[in-house]
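Enquirer: mmCIF, C-alpha atoms, file entry.cif:
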data_protein
loop_
_atom_site.label_atom_id
_atom_site.label_comp_id
_atom_site.auth_asym_id
_atom_site.auth_seq_id
_atom_site.Cartn_x
_atom_site.Cartn_y
_atom_site.Cartn_z
CA MET C 1 257.55 104.81 -38.77
CA ARG C 2 256.74 108.17 -40.35
CA ASP C 3 256.66 109.70 -36.85
CA VAL C 4 260.25 108.57 -36.23
CA LYS C 5 261.52 110.26 -39.38
CA GLN C 6 259.46 113.45 -39.09
CA ASN C 7 260.42 114.17 -35.49
CA GLU C 8 264.08 113.19 -35.95
CA ARG C 9 264.04 111.18 -32.74
CA PRO C 10 267.03 108.95 -32.06
CA SER C 11 266.36 105.52 -33.45
CA ALA C 12 268.06 102.23 -34.19
CA LEU C 13 267.44 99.47 -36.68
CA LEU C 14 267.61 95.97 -35.19
CA PHE C 15 269.07 92.98 -37.00
CA ASP C 16 265.60 91.87 -38.19
CA GLY C 17 264.48 95.25 -39.52
CA SER C 18 262.55 96.31 -36.41
CA ILE C 19 262.86 99.93 -35.32
CA ILE C 20 263.72 101.13 -31.81
CA ARG C 21 263.09 104.77 -30.91
CA SER C 22 263.55 106.36 -27.50
CA SER C 23 263.41 109.84 -26.02
CA LEU C 24 263.72 111.12 -22.44
CA SER C 25 263.36 114.67 -21.09
CA PHE C 26 264.66 115.91 -17.75
CA ASN C 27 264.28 119.02 -15.63
CA GLY C 28 267.50 118.94 -13.65
CA GLN C 29 267.52 115.55 -11.91
CA ASN C 30 263.79 114.89 -12.45
CA LEU C 31 262.41 112.93 -15.37
CA ILE C 32 259.62 114.88 -17.08
CA ASN C 33 258.68 112.40 -19.82
CA HIS C 34 259.88 109.46 -21.83
CA SER C 35 258.73 107.50 -24.84
CA HIS C 36 260.19 104.12 -25.85
CA LEU C 37 258.98 102.49 -29.08
CA TRP C 38 259.57 99.08 -30.67
CA TRP C 39 258.14 98.89 -34.22
CA PRO C 40 258.52 95.27 -35.36
CA ALA C 41 259.40 94.24 -38.88
CA PRO C 42 256.29 92.81 -40.58
CA TYR C 43 258.05 89.65 -41.75
CA ILE C 44 260.31 86.91 -40.44
CA ASN C 45 263.96 87.70 -41.01
CA ASP C 46 266.22 84.72 -41.72
CA THR C 47 269.44 86.60 -41.06
CA SER C 48 271.49 85.91 -37.97
CA LEU C 49 272.93 88.46 -35.57
CA THR C 50 276.28 88.22 -37.35
CA ASP C 51 274.89 88.89 -40.86
CA VAL C 52 275.10 92.39 -42.26
CA PHE C 53 271.56 93.72 -42.36
CA THR C 54 270.41 96.43 -44.69
CA PRO C 55 266.74 97.28 -45.18
CA GLN C 56 267.17 97.16 -48.96
CA ASN C 57 268.71 93.67 -48.96
CA GLN C 58 266.09 92.34 -46.57
CA TYR C 59 263.23 93.83 -48.59
CA GLU C 60 264.59 92.40 -51.84
CA ASP C 61 265.05 88.95 -50.25
CA PHE C 62 261.49 89.08 -48.92
CA MET C 63 259.92 90.27 -52.19
CA THR C 64 261.73 87.72 -54.37
CA ASP C 65 260.95 84.76 -52.11
CA PRO C 66 258.25 82.60 -53.80
CA LYS C 67 256.95 81.65 -50.33
CA TRP C 68 256.85 85.24 -49.04
CA MET C 69 253.39 84.71 -47.52
CA ASP C 70 254.87 82.18 -45.06
CA LYS C 71 257.16 84.92 -43.73
CA VAL C 72 254.52 87.55 -42.99
CA ILE C 73 254.31 88.10 -39.24
CA MET C 74 252.19 91.09 -38.39
CA ARG C 75 253.02 92.18 -34.84
CA SER C 76 251.85 95.24 -32.99
CA PRO C 77 254.21 98.08 -32.20
CA ILE C 78 254.73 98.71 -28.49
CA ARG C 79 255.29 102.15 -27.03
CA ILE C 80 255.73 102.93 -23.33
CA ASP C 81 255.14 106.57 -22.45
CA PHE C 82 255.49 108.66 -19.31
CA ASP C 83 254.38 112.27 -19.09
CA ALA C 84 254.29 114.05 -15.73
CA GLU C 85 252.03 116.80 -17.13
CA LYS C 86 249.28 114.79 -18.84
CA GLU C 87 247.81 112.46 -16.23
CA THR C 88 244.00 112.21 -16.40
CA GLU C 89 241.41 109.49 -15.82
CA LYS C 90 241.85 108.26 -19.40
CA HIS C 91 245.59 109.01 -19.69
CA PRO C 92 247.61 107.22 -16.96
CA LEU C 93 250.90 108.81 -15.93
CA VAL C 94 252.83 105.83 -17.37
CA HIS C 95 251.18 103.61 -19.98
CA MET C 96 251.79 101.23 -22.85
CA HIS C 97 250.30 101.66 -26.31
CA THR C 98 249.66 98.66 -28.53
CA GLN C 99 247.79 98.55 -31.84
CA ASN C 100 245.55 101.59 -31.52
CA TYR C 101 246.98 104.99 -30.58
CA GLU C 102 244.14 105.50 -28.07
CA THR C 103 244.79 102.20 -26.27
CA ARG C 104 246.60 102.85 -22.99
CA LEU C 105 247.55 100.06 -20.59
CA HIS C 106 248.66 101.20 -17.14
CA VAL C 107 252.35 100.72 -16.25
CA ASP C 108 253.47 101.13 -12.63
CA GLU C 109 256.35 103.55 -13.10
CA PRO C 110 258.66 105.11 -15.69
CA ILE C 111 261.28 102.75 -17.08
CA CYS C 112 264.79 103.31 -18.35
CA PHE C 113 265.84 102.41 -21.87
CA SER C 114 267.67 99.28 -20.65
CA LYS C 115 264.52 97.92 -18.94
CA PHE C 116 262.55 98.58 -22.11
CA MET C 117 265.10 96.73 -24.26
CA LYS C 118 265.22 93.86 -21.76
CA TYR C 119 261.42 93.58 -22.02
CA ILE C 120 261.54 93.56 -25.83
CA PHE C 121 264.31 90.96 -26.07
CA GLN C 122 262.87 88.66 -23.40
CA ASN C 123 259.40 88.68 -24.95
CA PHE C 124 260.00 88.95 -28.69
CA TYR C 125 263.49 87.51 -29.16
CA PRO C 126 263.63 84.71 -26.53
CA GLU C 127 266.06 82.72 -28.65
CA ILE C 128 268.72 85.42 -28.17
CA GLU C 129 270.74 84.93 -25.00
CA LEU C 130 271.79 88.19 -23.39
CA GLU C 131 273.52 88.77 -20.06
CA TYR C 132 271.01 91.18 -18.51
CA GLN C 133 272.77 91.19 -15.13
CA LYS C 134 275.47 93.37 -16.70
CA TRP C 135 272.92 95.96 -17.86
CA ASN C 136 272.62 99.17 -15.87
CA LEU C 137 268.93 99.36 -14.94
CA LEU C 138 268.06 102.82 -13.64
CA SER C 139 265.38 104.23 -11.40
CA PHE C 140 264.23 107.79 -11.96
CA SER C 141 263.28 110.64 -9.71
CA TYR C 142 259.91 111.90 -10.89
CA ARG C 143 256.71 113.45 -9.63
CA LYS C 144 254.78 110.70 -7.90
CA PRO C 145 251.33 110.11 -9.39
CA ARG C 146 248.13 111.34 -7.88
CA VAL C 147 245.65 108.63 -6.97
CA LEU C 148 243.09 108.63 -9.75
CA GLN C 149 240.16 106.35 -10.32
CA HIS C 150 240.46 105.30 -13.95
CA ASP C 151 237.13 104.95 -15.72
CA PHE C 152 236.92 101.57 -17.41
CA SER C 153 233.12 101.57 -17.69
CA SER C 154 233.26 102.21 -21.44
CA ILE C 155 235.22 99.01 -22.13
CA VAL C 156 233.11 96.40 -23.88
CA LEU C 157 234.33 92.82 -23.85
#
What do you get writing this file as structure tokens?
Expert:
Amino acid sequence: MRDVKQNERPSALLFDGSIIRSSLSFNGQNLINHSHLWWPAPYINDTSLTDVFTPQNQYEDFMTDPKWMDKVIMRSPIRIDFDAEKETEKHPLVHMHTQNYETRLHVDEPICFSKFMKYIFQNFYPEIELEYQKWNLLSFSYRKPRVLQHDFSSIVL
């Protein structure tokens, strides 16, 4: 959350207190990099989509609730990054971060903001019905990845 404020990246606050941050950089028509972040609120929010949400009101409601511990829901932030200049064996061209900053899960290709939001809502807010067929899902022109053999030998299960 500090990163969002320090870098003054565009961000949005969802109805439950979760943060969305996204940035994309282009060189002409070509996508150079993107970073999409969902930072979930650490507690269950009882407000509906039509309620007026303010972080202060939500925090006060949470802190004054005698059963606050039943509302704690620690979820990992998710960030999907693409960087055409930083591909290495340990840093895939497109990847997803969860939990640890050094954790990188391979993603097939860069995604637009709408695809990212669709992923977040389908997986973390399944009770919300959205008409995704009306969303403009984009494909990007970008430097195609080199074929790299990623070294997973250091992973211990």
Enquirer: Take the PyMOL selection byres ((chain C and resi 30-34) around 9), apply it to the structure above, and return the hits as a list in words.
Expert: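 Residues picked by the PyMOL selection byres ((chain C and resi 30-34) around 9): Ser22, Ser23, Leu24, Ser25, Phe26, Asn27, Gly28, Gln29, Ser35, His36, Ile80, Asp81, Phe82, Asp83, Ala84, Glu85, Pro110, Ile111, Cys112, Phe140, Ser141, Tyr142 and Arg143 of chain C.
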Enquirer: Just the number, please: distance in Å from atom CA of Arg104 of chain C to atom CA of Pro92 of chain C, one decimal.
Expert: 7.5 Å
Enquirer: Do you know which residues the PyMOL selection byres ((chain C and resi 79) around 10) returns on this file, as a list in words?
Expert: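 When the PyMOL selection byres ((chain C and resi 79) around 10) is applied, the selected residues are Ile20, Arg21, Ser22, Ser35, His36, Leu37, Trp38, Trp39, Ser76, Pro77, Ile78, Ile80, Asp81, His95, Met96, His97, Thr98, Gln99, Tyr101, Arg104 and Phe116 of chain C.
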Enquirer: Suppose you want the space between atom CA of Ile128 of chain C and atom CA of Pro42 of chain C; what is it in Å?
Expert: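 Value for the atom CA of Ile128 of chain C-atom CA of Pro42 of chain C distance: 19.1 Å.
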Enquirer: Please write as a list in words the full residue list that the PyMOL selection byres ((chain C and resi 91) around 10) yields on this file.
Expert: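 Selected by the PyMOL selection byres ((chain C and resi 91) around 10) here: Phe82, Asp83, Lys86, Glu87, Thr88, Glu89, Lys90, Pro92, Leu93, Val94, His95, Glu102, Thr103, Arg104, Leu105, His106 and His150 of chain C.
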Enquirer: Separation of atom CA of Tyr119 of chain C and atom CA of Pro40 of chain C, in Å?
Expert: 13.8 Å
Enquirer: For segment 117-122 of chain C, I'd like the enclosing box, axis-aligned and padded by 5 Å on every side, reported as lines of an AutoDock Vina configuration file with centre and edge lengths in Å to one decimal.
Expert:
center_x = 263.3
center_y = 92.7
center_z = -23.9
size_x = 13.8
size_y = 18.1
size_z = 14.3
Enquirer: Using only C-alpha atoms, pick whichever of C:Trp68, C:Tyr125, C:Phe113, C:Trp135 has the shortest atom-to-atom distance to Asp16 of chain C.
Expert: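 Looking at the shortest contact to Asp16 of chain C, the residue is C:Tyr125.
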Enquirer: From the set C:Val72, C:Ile19, C:Ala41, C:Met117, which residue has the shortest atom-to-atom contact distance to Asn136 of chain C, counting all atoms listed in the file?
Expert: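 Among the listed residues, the smallest separation from Asn136 of chain C belongs to C:Met117.
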